[in-house]
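Following: one structure in structure tokens, then a few remarks.
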Amino acid sequence: MKHSFKERFAYWFDTQMSKGSMGLIKLLAVVSVFAIMLITVLLVAFGYSEADMLGMDVFWDSFATVINAWLPFYEDGAGELGYLIIMSIAAIIGLLITSVLIGIISNAIEEHIDGLKDGKSMVLEKDHVVILGFIPGEYTLIKQVVLAAGDKKRTIVIGSEVSSEEMRDTVSENVDIPKNIKMIYRTIDIFDPTSLEKCSLATSRHILINPMDDKKTIKVLLAVSLLINSTDNEKVRVSALVSKNEHRFPDAIAAKHNVTTIQMRNAIARMIALSCTQTGLSDAFREVFSFDGNEFYSASIEGTAGISFGDLSYRLDKAVPVGVLRDDKVNLNPGKDFMIEEGDKIIVFAEDREAPALTDAKFTEMPRKKYHSSEPDRKVAIIGYNSSFELVYRELASDVAEVVVAGIPAEKKEEVMKIGSRFENRKLTLFKEDIDDAANMTALAKKVNHIVLLSDYSLEEEDADIQSIFRILSLRDIRLKYELDYNITAEMCKKANLNLIREEEHMDYVVASNMSSLFLAQLSENYELNDLFKEILSNRGNELYLKRAKDYGYYGMYTTQQLRNFALANKCIFLGYMKAGSYESFFNPGLMDEVRLGEEDSLIVLAEN
């Protein structure tokens, strides 16, 4: 098919226009030169030039006219109509060319400024923390990484599909950024290795993938692994959270790419199960994993080699010894007879890494009293169903005698009964009525001591949280109206939605997005303690518990040193205590500080059960 001249010209013109500002400037320059030469030829052809002028002088006058709309003086023909017409045309052409040129330059500058706002240049930093993915309204991870830096200078790079300007504005409005923290924002495709290069992943110290759905997380992990594996930097660490166990990276691949993935949904399920019968435990979890106060460190403490872990616990001030790091292996709660060797690092729970102080304090062993739970045969209601149900049910305290399950889909009832049949010492009952009916919810609430609200994973996060909020409000109203004493543990998806309801006593909130961010921030700052965090979040080894003082048989006035001894005698690590009623937590009290414990107050401990 033969194309017309008009079509070919239109195609050529469109091609030139598509080349951007430089292409337009080149085209404008060609048009300008052509216009100047045309005006010069016309002036010479019609005799509108002085006899003694050379052609270059006429060309220059034409150039000046086209560029500046300036009419040069010409004695013989200055007033002739032809001359005026030619020079007027030249001036008009000049105005058009100048206007277009100004527009092109202005647009190019605007594009460049927009590009600078979007952060399109390569990040030229080293030893920085990279956060991939940005969720407006969720700032816990950024806040915790900032807090983790303390007074140290730290660069944090945030890469996301969100515009850099929007990220910069929202972060500055919601996060207090100190002067020692340098924030850099880049608008990138987090699933594209080429785009990720702008964040200089290969020179970073740690890469954190902001909690998102598993499919996106895995795609980002693959892109990051592909990029950093092509470099010589083997020190770069990558941490991410996934919901389902089958979405974890295989161990061999994870080790090769320095990737750590924590199965977050399982961890959340365990916290729900533990918190439902230990009111206030979810707050203790948040404080333990937050950088706002005490946190876990590994420290080389002079004078610890050759002494037992028990002696260390009775002598260490301003820090709680929780374990030993030997040959990069974490020994959490190793027992009071465990001997510390040269080269071992002590894992401590303290306000900062330099805080631990080994004293010469003396200690006399106290009589041992075995821990006995004072709340046998407790009854728990689980409202709602999701993929974490079986784990929540399995992780409930051993003294839970009966579980009533309500608000589950009809097609899941048989599966739930099968789960219940595996636990011979625990009775499972199905509550078949509509749980969202006020009368039915009241009837259920009157039968139980603890209520668990599970989030519906089949709904959008916002819808699931709204459903939980309405159920929380109803249960609160019932408890107040009938003067009941049950506590509520609710699973929420987003921290922002928690702000819609005020917190109160007898209430534990386990917020997936918030807890996920706390764990990721810990990994970014204390990667060598990765196994410690995994153990605390798993059902193997030591976990966080609240143990009532009266169940130990010790309440009254004691020193922290004595409380550490009570705990170690029962194979526990004493981290702090929680006051009954107010649920206020006190962590890492001074070694010789005196603590008054009431019967209902609780010790916050790390223990295997």
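Every chain in the structure tokens takes a letter, A first, then B, and so on in the order presented; its residues are numbered from 1, and the ligands are numbered from 1 following the presented order.
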
Expected answer as a PyMOL selection string: strand (DSSP E or B) residues in range 165-304 of chain A
chain A and resi 181-187+206-209+237-242+259-263+295-299

Might you pull out every residue within 8 Å of Thr429 in chain A, with only C-alpha atoms counted and same-chain residues fewer than 5 positions away left off, and present them as a CSV table (one decimal) with N, CA, C and O atoms, in the first residue's frame?
chain,number,residue,atom,x,y,z
A,402,GLU,N,-13.0,-26.4,78.0
A,402,GLU,CA,-14.1,-26.4,77.0
A,402,GLU,C,-13.9,-25.2,76.1
A,402,GLU,O,-13.6,-24.1,76.5
A,403,VAL,N,-14.2,-25.5,74.8
A,403,VAL,CA,-14.2,-24.4,73.8
A,403,VAL,C,-15.5,-24.4,73.1
A,403,VAL,O,-16.0,-25.5,72.6
A,404,VAL,N,-16.2,-23.3,73.0
A,404,VAL,CA,-17.4,-23.1,72.3
A,404,VAL,C,-17.1,-22.4,71.0
A,404,VAL,O,-16.5,-21.3,71.0
A,405,VAL,N,-17.4,-22.9,69.8
A,405,VAL,CA,-17.1,-22.3,68.5
A,405,VAL,C,-18.4,-21.8,67.9
A,405,VAL,O,-19.4,-22.5,67.8

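For Ile188 in chain A, the list of residues within 7 Å, based on only C-alpha atoms and with local chain neighbours fewer than 5 positions off taken out, reads Gly159, Ser160, Glu161, Ser195 and Leu196 of chain A.
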
Would you mind listing, for every residue of range 362-481 of chain A within 12 Å of range 506-520 of chain A, the two atoms forming the shortest contact and the distance between them in Å to one decimal, using only C-alpha atoms, sorted by chain and ascending residue number, as a Markdown table?
| residue | atom | partner | partner_atom | distance |
| --- | --- | --- | --- | --- |
| A:Asn449 | CA | A:His506 | CA | 10.9 |
| A:His450 | CA | A:His506 | CA | 9.4 |
| A:Ile451 | CA | A:Met507 | CA | 9.7 |
| A:Val452 | CA | A:Asp508 | CA | 9.4 |
| A:Leu453 | CA | A:Tyr509 | CA | 9.7 |
| A:Leu454 | CA | A:Val510 | CA | 10.0 |
| A:Ser455 | CA | A:Ala512 | CA | 10.1 |
| A:Tyr457 | CA | A:Ala512 | CA | 11.8 |
| A:Glu461 | CA | A:Ala512 | CA | 10.5 |
| A:Asp465 | CA | A:Val511 | CA | 10.0 |
| A:Ser468 | CA | A:Tyr509 | CA | 10.8 |
| A:Ile469 | CA | A:Tyr509 | CA | 11.0 |
| A:Ile472 | CA | A:Met507 | CA | 9.3 |
| A:Leu473 | CA | A:Met507 | CA | 11.4 |
| A:Leu475 | CA | A:Met507 | CA | 10.7 |
| A:Arg476 | CA | A:Met507 | CA | 9.4 |
| A:Arg479 | CA | A:His506 | CA | 10.1 |
| A:Leu480 | CA | A:His506 | CA | 11.6 |

All residues 9 Å or closer to Phe285 in chain A, only C-alpha atoms, same chain fewer than 5 positions away omitted, as a PyMOL selection string
chain A and resi 271+280+290+515+544

Emit the selected residues as a CSV table (one decimal), in the first residue's frame, including N, CA and C atoms.
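For reference, out-v6.csv as written:
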chain,number,residue,atom,x,y,z
A,271,MET,N,0.0,-16.0,69.3
A,271,MET,CA,-0.2,-14.9,70.2
A,271,MET,C,-1.6,-14.8,70.6
A,280,GLY,N,-3.5,-9.0,78.8
A,280,GLY,CA,-2.4,-8.1,78.8
A,280,GLY,C,-1.2,-8.6,78.1
A,290,SER,N,9.2,-4.0,70.5
A,290,SER,CA,9.3,-2.6,70.1
A,290,SER,C,10.7,-2.1,70.5
A,515,MET,N,2.2,-6.0,64.4
A,515,MET,CA,3.2,-7.0,64.9
A,515,MET,C,4.2,-7.4,63.8
A,544,LEU,N,6.6,-16.3,75.3
A,544,LEU,CA,6.4,-15.2,76.3
A,544,LEU,C,5.1,-15.6,77.1

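CA of Leu500 in chain A is found 23.3 Å from CA of Asn210 in chain A.
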
Minimum-distance residue to Ile382 in chain A, chosen among A:Leu312, A:Leu227, A:Met366, A:Leu428 (using only C-alpha atoms):
A:Leu428
